[in-house]
$ cat entry.tsv   # TSV, C-alpha atoms
chain	number	residue	atom	x	y	z
G	1	MET	CA	49.82	256.46	36.74
G	2	ILE	CA	48.70	259.55	34.85
G	3	TRP	CA	48.79	259.38	31.08
G	4	LYS	CA	49.98	262.48	29.23
G	5	ALA	CA	49.59	262.88	25.52
G	6	ASN	CA	52.72	263.75	23.61
G	7	ASN	CA	50.57	265.32	20.93
G	8	PRO	CA	47.65	267.40	22.32
G	9	SER	CA	45.88	267.34	18.97
G	10	LYS	CA	45.82	263.51	19.00
G	11	ALA	CA	44.48	263.51	22.57
G	12	THR	CA	41.74	265.95	21.59
G	13	LEU	CA	40.84	263.80	18.58
G	14	ALA	CA	40.72	260.64	20.73
G	15	LEU	CA	38.46	262.37	23.28
G	16	ALA	CA	36.14	263.59	20.53
G	17	VAL	CA	35.88	260.08	19.05
G	18	THR	CA	35.15	258.59	22.51
G	19	ILE	CA	32.39	261.14	23.20
G	20	THR	CA	30.87	260.48	19.79
G	21	LEU	CA	30.77	256.73	20.41
G	22	LEU	CA	29.33	257.04	23.92
G	23	THR	CA	26.71	259.72	23.15
G	24	PRO	CA	24.07	257.27	21.77
G	25	LEU	CA	24.50	255.12	24.87
G	26	ALA	CA	24.06	258.11	27.16
G	27	THR	CA	20.93	259.39	25.44
G	28	GLU	CA	19.19	256.01	25.17
G	29	ALA	CA	17.49	255.02	28.43
G	30	GLY	CA	17.86	251.31	29.10
G	31	PRO	CA	15.04	249.14	30.43
G	32	ARG	CA	14.06	249.59	34.06
G	33	VAL	CA	13.84	246.42	36.12
G	34	TYR	CA	11.05	246.36	38.71
G	35	GLY	CA	9.15	243.86	40.78
G	36	ARG	CA	7.19	242.93	43.87
G	37	ILE	CA	7.46	240.19	46.47
G	38	ARG	CA	4.25	239.72	48.46
G	39	ASN	CA	4.18	236.68	50.74
G	40	ALA	CA	1.69	236.01	53.52
G	41	LEU	CA	0.85	233.42	56.14
G	42	VAL	CA	-2.81	232.61	55.45
G	43	TYR	CA	-5.33	230.70	57.54
G	44	THR	CA	-8.35	229.47	55.58
G	45	ASP	CA	-11.59	228.12	57.00
G	46	ARG	CA	-13.62	226.64	54.15
G	47	ASP	CA	-16.81	224.61	53.90
G	48	HIS	CA	-15.90	223.01	50.56
G	49	LYS	CA	-12.99	221.30	48.85
G	50	ASN	CA	-10.55	223.47	46.97
G	51	ARG	CA	-8.85	222.53	43.71
G	52	ASP	CA	-6.19	220.59	45.66
G	53	GLY	CA	-8.90	218.45	47.26
G	54	ARG	CA	-8.45	219.98	50.71
G	55	SER	CA	-11.37	220.99	52.89
G	56	GLY	CA	-11.80	222.36	56.39
G	57	ASN	CA	-9.08	224.52	57.94
G	58	ASP	CA	-5.44	224.94	56.96
G	59	TRP	CA	-2.41	227.21	57.29
G	60	ASP	CA	-0.35	228.04	54.23
G	61	VAL	CA	2.38	230.43	53.12
G	62	GLN	CA	1.11	232.01	49.92
G	63	SER	CA	2.51	234.30	47.26
G	64	HIS	CA	-0.02	236.85	46.06
G	65	THR	CA	0.86	238.02	42.53
G	66	SER	CA	4.56	238.43	43.23
G	67	ARG	CA	6.12	239.53	39.97
G	68	PHE	CA	9.13	240.96	38.18
G	69	GLY	CA	9.47	242.74	34.89
G	70	LEU	CA	11.18	245.35	32.79
G	71	LYS	CA	9.94	248.32	30.84
G	72	GLY	CA	11.42	251.17	28.90
G	73	SER	CA	11.13	253.58	26.03
G	74	GLU	CA	13.13	255.01	23.14
G	75	ARG	CA	12.74	258.40	21.50
G	76	LEU	CA	12.44	257.98	17.75
G	77	GLY	CA	12.27	261.59	16.62
G	78	SER	CA	9.44	263.51	14.95
G	79	GLY	CA	7.51	263.36	18.23
G	80	PHE	CA	7.40	259.54	18.35
G	81	LYS	CA	8.47	257.28	21.20
G	82	ALA	CA	8.64	253.48	21.32
G	83	ILE	CA	7.45	251.87	24.57
G	84	TYR	CA	7.63	248.28	25.80
G	85	GLN	CA	6.95	246.20	28.90
G	86	LEU	CA	7.47	242.56	29.90
G	87	GLU	CA	6.18	241.17	33.21
G	88	TRP	CA	6.02	237.70	34.78
G	89	GLU	CA	4.28	236.40	37.88
G	90	VAL	CA	6.34	234.05	40.04
G	91	ASP	CA	5.36	231.95	43.05
G	92	THR	CA	7.77	233.26	45.70
G	93	ALA	CA	6.19	231.09	48.40
G	94	ASN	CA	6.99	227.76	46.69
G	95	GLY	CA	8.95	228.32	43.49
G	96	VAL	CA	9.86	224.64	43.12
G	97	ASN	CA	9.66	224.53	39.35
G	98	LEU	CA	9.98	227.80	37.46
G	99	GLY	CA	8.58	226.10	34.37
G	100	ARG	CA	5.28	225.67	36.21
G	101	GLN	CA	5.39	228.66	38.56
G	102	LEU	CA	6.52	231.38	36.11
G	103	ARG	CA	3.56	232.91	34.27
G	104	ASN	CA	3.45	235.76	31.78
G	105	ARG	CA	1.38	238.76	32.91
G	106	LEU	CA	2.27	241.45	30.38
G	107	GLY	CA	4.18	241.60	27.11
G	108	TYR	CA	3.61	244.42	24.65
G	109	ALA	CA	5.28	247.06	22.51
G	110	GLY	CA	3.85	250.29	21.20
G	111	LEU	CA	4.27	253.74	19.69
G	112	LYS	CA	3.41	256.96	21.50
G	113	SER	CA	3.04	260.46	20.10
G	114	GLY	CA	0.84	263.53	20.30
G	115	TRP	CA	-2.07	261.60	18.76
G	116	GLY	CA	-2.05	258.95	21.50
G	117	THR	CA	-0.58	255.50	22.14
G	118	LEU	CA	-0.99	252.38	20.02
G	119	SER	CA	0.27	249.13	21.57
G	120	ILE	CA	0.06	245.45	20.73
G	121	GLY	CA	0.43	242.30	22.87
G	122	ARG	CA	-0.72	241.10	26.28
G	123	GLN	CA	-1.98	244.11	28.27
G	124	TRP	CA	-4.31	245.36	30.99
G	125	THR	CA	-7.86	245.65	29.68
G	126	PRO	CA	-9.53	249.07	29.53
G	127	HIS	CA	-12.35	247.60	31.67
G	128	TYR	CA	-10.01	246.71	34.53
G	129	ILE	CA	-8.33	250.14	34.51
G	130	ALA	CA	-11.61	252.06	34.37
G	131	VAL	CA	-13.83	249.97	36.66
G	132	ASN	CA	-11.95	247.73	39.09
G	133	LYS	CA	-10.83	250.43	41.50
G	134	SER	CA	-11.59	248.22	44.53
G	135	ASP	CA	-8.56	245.98	43.80
G	136	VAL	CA	-6.49	247.51	46.64
G	137	TRP	CA	-6.10	244.46	48.90
G	138	GLN	CA	-2.99	242.40	49.61
G	139	VAL	CA	-4.21	238.87	50.42
G	140	GLY	CA	-5.49	237.00	47.35
G	141	GLY	CA	-9.18	236.35	46.87
G	142	VAL	CA	-10.74	239.53	48.21
G	143	ASN	CA	-11.41	240.65	44.64
G	144	ASP	CA	-13.61	237.58	43.97
G	145	GLN	CA	-16.64	239.68	43.08
G	146	TYR	CA	-15.03	241.29	40.00
G	147	LEU	CA	-16.71	240.09	36.78
G	148	GLY	CA	-14.57	241.59	34.05
G	149	PRO	CA	-11.29	240.61	32.37
G	150	THR	CA	-7.99	241.80	33.84
G	151	ARG	CA	-5.19	241.12	31.34
G	152	LEU	CA	-5.63	239.62	27.86
G	153	GLY	CA	-3.26	238.62	25.11
G	154	ASP	CA	-3.63	239.16	21.36
G	155	MET	CA	-4.74	242.72	22.07
G	156	LEU	CA	-4.49	245.82	19.91
G	157	LEU	CA	-4.99	248.84	22.18
G	158	TYR	CA	-5.36	252.54	21.41
G	159	ARG	CA	-5.30	255.20	24.13
G	160	THR	CA	-6.13	258.82	23.36
G	161	PRO	CA	-4.08	261.73	24.73
G	162	GLU	CA	-5.41	263.19	27.97
G	163	TYR	CA	-7.53	266.32	27.61
G	164	LEU	CA	-8.90	268.19	30.64
G	165	GLY	CA	-8.48	265.00	32.68
G	166	PHE	CA	-10.31	262.79	30.14
G	167	ASN	CA	-8.91	259.96	28.05
G	168	ALA	CA	-10.43	257.01	26.20
G	169	ARG	CA	-9.25	253.48	25.34
G	170	LEU	CA	-10.31	251.02	22.67
G	171	ALA	CA	-9.09	247.40	22.69
G	172	LEU	CA	-9.57	244.66	20.09
G	173	VAL	CA	-8.76	241.07	21.10
G	174	MET	CA	-8.30	238.68	18.19
G	175	ALA	CA	-8.15	234.86	18.38
G	176	SER	CA	-6.86	235.04	21.94
G	177	GLU	CA	-5.44	231.76	23.26
G	178	ASP	CA	-6.26	232.58	26.89
G	179	ASP	CA	-9.96	233.22	26.23
G	180	PRO	CA	-12.70	230.60	26.74
G	181	PRO	CA	-12.85	228.07	23.88
G	182	ASN	CA	-16.20	229.33	22.60
G	183	LEU	CA	-14.43	232.54	21.56
G	184	GLY	CA	-12.24	230.70	19.04
G	185	ARG	CA	-13.07	232.86	16.04
G	186	ASP	CA	-10.71	234.14	13.40
G	187	GLY	CA	-11.89	237.74	13.73
G	188	VAL	CA	-12.34	240.00	16.73
G	189	ASP	CA	-13.26	237.92	19.80
G	190	ILE	CA	-13.66	240.82	22.23
G	191	TRP	CA	-13.82	244.56	21.93
G	192	ASN	CA	-13.65	246.86	24.92
G	193	ALA	CA	-14.10	250.64	25.04
G	194	SER	CA	-13.67	252.86	28.11
G	195	ILE	CA	-13.61	256.50	29.17
G	196	ASP	CA	-11.66	257.73	32.20
G	197	PHE	CA	-11.58	261.01	34.09
G	198	ASN	CA	-8.75	261.74	36.53
G	199	ASN	CA	-8.37	265.12	38.18
G	200	GLY	CA	-6.74	265.47	41.58
G	201	PRO	CA	-8.73	263.56	44.22
G	202	VAL	CA	-11.39	262.37	41.74
G	203	SER	CA	-11.13	259.32	39.47
G	204	ILE	CA	-14.11	258.01	37.46
G	205	GLY	CA	-14.25	255.41	34.72
G	206	THR	CA	-16.83	253.58	32.66
G	207	SER	CA	-16.41	250.65	30.27
G	208	PHE	CA	-18.28	248.39	27.87
G	209	VAL	CA	-17.09	244.90	26.84
G	210	ASP	CA	-18.59	242.83	24.01
G	211	TYR	CA	-17.69	239.12	23.96
G	212	ARG	CA	-18.35	238.01	20.39
G	213	GLY	CA	-18.57	234.27	21.04
G	214	SER	CA	-21.13	231.51	20.97
G	215	GLY	CA	-23.19	229.94	23.74
G	216	PRO	CA	-22.40	231.38	27.18
G	217	GLU	CA	-19.59	233.47	25.70
G	218	ASN	CA	-22.04	235.56	23.71
G	219	ARG	CA	-22.37	238.26	26.34
G	220	GLU	CA	-21.97	241.93	27.14
G	221	LEU	CA	-20.49	243.59	30.21
G	222	TRP	CA	-20.88	247.16	31.40
G	223	GLY	CA	-19.27	248.77	34.42
G	224	VAL	CA	-18.49	252.00	36.23
G	225	GLY	CA	-16.00	252.76	38.98
G	226	ALA	CA	-15.22	255.86	41.04
G	227	LYS	CA	-12.67	256.93	43.65
G	228	TYR	CA	-12.62	260.09	45.78
G	229	ARG	CA	-9.96	261.17	48.29
G	230	PHE	CA	-10.48	263.78	51.02
G	231	SER	CA	-8.87	264.57	54.42
G	232	GLY	CA	-7.11	261.21	54.72
G	233	PHE	CA	-10.19	259.25	53.60
G	234	THR	CA	-10.66	257.44	50.29
G	235	VAL	CA	-14.04	256.15	49.12
G	236	ILE	CA	-14.22	253.65	46.24
G	237	ALA	CA	-17.36	252.39	44.53
G	238	GLN	CA	-17.90	250.20	41.49
G	239	TYR	CA	-20.75	248.45	39.69
G	240	GLU	CA	-20.80	245.84	36.91
G	241	TYR	CA	-23.69	244.32	34.98
G	242	GLU	CA	-23.28	241.34	32.64
G	243	ARG	CA	-25.94	240.31	30.13
G	244	GLU	CA	-25.66	236.79	28.74
G	245	GLN	CA	-27.63	235.49	25.77
G	246	VAL	CA	-28.25	231.91	26.97
G	247	SER	CA	-28.13	232.06	30.78
G	248	ASP	CA	-28.88	234.28	33.75
G	249	ASN	CA	-27.53	237.80	33.91
G	250	ALA	CA	-25.03	238.77	36.60
G	251	TYR	CA	-24.10	241.89	38.53
G	252	GLU	CA	-21.78	242.98	41.30
G	253	TRP	CA	-21.26	246.11	43.34
G	254	SER	CA	-18.47	246.98	45.75
G	255	LEU	CA	-17.88	249.73	48.30
G	256	VAL	CA	-14.44	250.31	49.86
G	257	GLY	CA	-13.35	252.79	52.50
G	258	GLU	CA	-9.74	253.66	53.32
G	259	TYR	CA	-8.32	255.92	56.03
G	260	LYS	CA	-4.67	256.99	56.14
G	261	LEU	CA	-3.30	257.46	59.66
G	262	LYS	CA	0.38	258.49	59.54
G	263	ASN	CA	2.15	255.45	57.99
G	264	ASN	CA	-0.90	253.20	58.22
G	265	ILE	CA	-3.86	252.56	55.94
G	266	LEU	CA	-7.06	251.08	57.38
G	267	ARG	CA	-9.42	249.39	54.90
G	268	VAL	CA	-12.96	248.04	54.92
G	269	MET	CA	-15.01	246.61	52.06
G	270	TYR	CA	-18.44	245.20	51.40
G	271	SER	CA	-19.49	243.73	48.07
G	272	ASP	CA	-22.38	241.77	46.65
G	273	GLN	CA	-22.53	239.55	43.60
G	274	GLU	CA	-25.41	237.74	41.91
G	275	LYS	CA	-24.39	235.09	39.39
G	276	ASN	CA	-25.88	231.81	38.16
G	277	GLY	CA	-29.00	232.43	40.21
G	278	SER	CA	-27.22	232.78	43.57
G	279	ASN	CA	-26.53	235.88	45.63
G	280	SER	CA	-23.23	236.10	47.53
G	281	ALA	CA	-21.71	238.76	49.76
G	282	ASN	CA	-18.06	239.45	50.42
G	283	TRP	CA	-16.64	241.69	53.15
G	284	ALA	CA	-13.13	242.40	54.38
G	285	LEU	CA	-11.13	244.34	56.96
G	286	GLY	CA	-7.45	245.19	56.70
G	287	VAL	CA	-4.54	247.31	57.90
G	288	GLN	CA	-1.27	248.06	56.11
G	289	HIS	CA	1.76	249.68	57.76
G	290	TYR	CA	4.44	251.30	55.60
G	291	PHE	CA	8.02	251.25	56.86
G	292	SER	CA	8.97	253.10	53.67
G	293	ARG	CA	7.49	253.79	50.25
G	294	ARG	CA	8.60	250.32	49.11
G	295	THR	CA	8.23	248.08	52.17
G	296	SER	CA	5.10	247.38	54.20
G	297	ILE	CA	3.45	244.74	56.39
G	298	TYR	CA	-0.26	243.96	56.38
G	299	ALA	CA	-3.01	241.95	58.03
G	300	GLU	CA	-6.42	241.25	56.49
G	301	PHE	CA	-9.56	239.29	57.28
G	302	GLN	CA	-11.96	238.27	54.51
G	303	ASN	CA	-15.35	236.62	54.65
G	304	SER	CA	-16.17	235.42	51.14
G	305	ARG	CA	-19.52	233.77	50.56
G	306	ILE	CA	-18.59	233.80	46.88
G	307	LYS	CA	-15.77	231.31	47.54
G	308	ARG	CA	-17.55	229.89	50.64
G	309	GLU	CA	-14.59	230.48	52.94
G	310	GLN	CA	-13.03	232.81	55.47
G	311	ARG	CA	-9.40	233.88	55.21
G	312	TYR	CA	-6.98	235.60	57.55
G	313	GLY	CA	-3.63	236.65	56.13
G	314	SER	CA	-0.64	238.55	57.44
G	315	GLY	CA	2.46	239.21	55.39
G	316	LEU	CA	5.21	241.39	53.98
G	317	ARG	CA	5.31	243.32	50.73
G	318	VAL	CA	8.48	244.66	49.13
G	319	ASP	CA	8.45	246.64	45.88
G	320	PHE	CA	11.60	247.31	43.88

$ encode --input "entry.tsv" --output "structure tokens"
Amino acid sequence: MIWKANNPSKATLALAVTITLLTPLATEAGPRVYGRIRNALVYTDRDHKNRDGRSGNDWDVQSHTSRFGLKGSERLGSGFKAIYQLEWEVDTANGVNLGRQLRNRLGYAGLKSGWGTLSIGRQWTPHYIAVNKSDVWQVGGVNDQYLGPTRLGDMLLYRTPEYLGFNARLALVMASEDDPPNLGRDGVDIWNASIDFNNGPVSIGTSFVDYRGSGPENRELWGVGAKYRFSGFTVIAQYEYEREQVSDNAYEWSLVGEYKLKNNILRVMYSDQEKNGSNSANWALGVQHYFSRRTSIYAEFQNSRIKREQRYGSGLRVDF
């Protein structure tokens, strides 16, 4: 049935009112839902007991940082934009009890304008973004050598605008509940500053972290990471040095090579870490095949003297 207005002026008025009411909804972008499911069949050969009390060899289906989240923005006028992101990690291999398996990864809100971005909440640390460029693997554990923090809550973060490929970040972490207990101060527990350069195939970052705690948590961490892409190859290198006030210093370095062959990426890594007076190496081999931009399968082998175990994992990754 086709409706015809008896009075064209009334129909025009009704259409104008409808457009007026719907215009704010059309111009406001709603939150975008995203996520990742990454499950693998993993064989572990260990010479120690893990936290579940198991030792020796075992097969297990594992979820490696599967997550879902939402993020979005809103234009506020005068050159300002509000941004926000919420993200949770979920165990998609077991998932028996969401109360135990669901874990918050990110949760922040911020303002963005021509002077930069100021955000508050649980976020990625500047150190992780600038330095940990070797975190490109699929099976969990291959990033054992990394010394720095990844995500922290109670963070106030400022990011400068990008200029000629450069940008800087400054983070202040205050009374963070997920920090070690010796950081339980009422002021700034951690501050972290970084500088990044990204221009085409080149990415370089450096960072400094100051843990303002007591005992072993009174320490400083410095790091640098670099990535370079050319002719299907990618070379990644990073170095971290940690100076503690009451115990031994620590360092790690990592070198990763990637080669893209059609829809496949071949990876190799060697890393070395010295911590608590012991020196441990970690090396890995892997291949990842992309069916599409969102879906891939992978197989990796890792020999971790840091965790005193060898792991082989093969699985499926789906991004949405």

$ residues_around --input "entry.tsv" --residues "segment 102-117 of chain G" --least-positions-apart "2" --cutoff "9 Å" --atoms "all atoms listed in the file" --output "PyMOL selection string"
chain G and resi 67+69+78-91+95+97-100+119-124+151-153+155+157-162

$ residues_around --input "entry.tsv" --residues "Val142 of chain G" --least-positions-apart "4" --cutoff "9 Å" --atoms "all atoms listed in the file" --output "ChimeraX atom specification"
/G:135,137-138,282-284,302-304

$ closest_residue --input "entry.tsv" --among "G:Tyr251, G:Gly140, G:Arg294, G:Ile306" --to "Gly35 of chain G" --atoms "all atoms listed in the file"
G:Arg294

$ closest_residue --input "entry.tsv" --among "G:Met174, G:Leu41, G:Ala237, G:Val209" --to "Trp253 of chain G" --atoms "only C-alpha atoms"
G:Ala237

$ atom_distance --input "entry.tsv" --atom1 "atom CA of Asn279 of chain G" --atom2 "atom CA of Tyr312 of chain G"
22.9 Å

$ closest_residue --input "entry.tsv" --among "G:Asn198, G:Ser66, G:Ser134, G:Thr92" --to "Val256 of chain G" --atoms "only C-alpha atoms"
G:Ser134
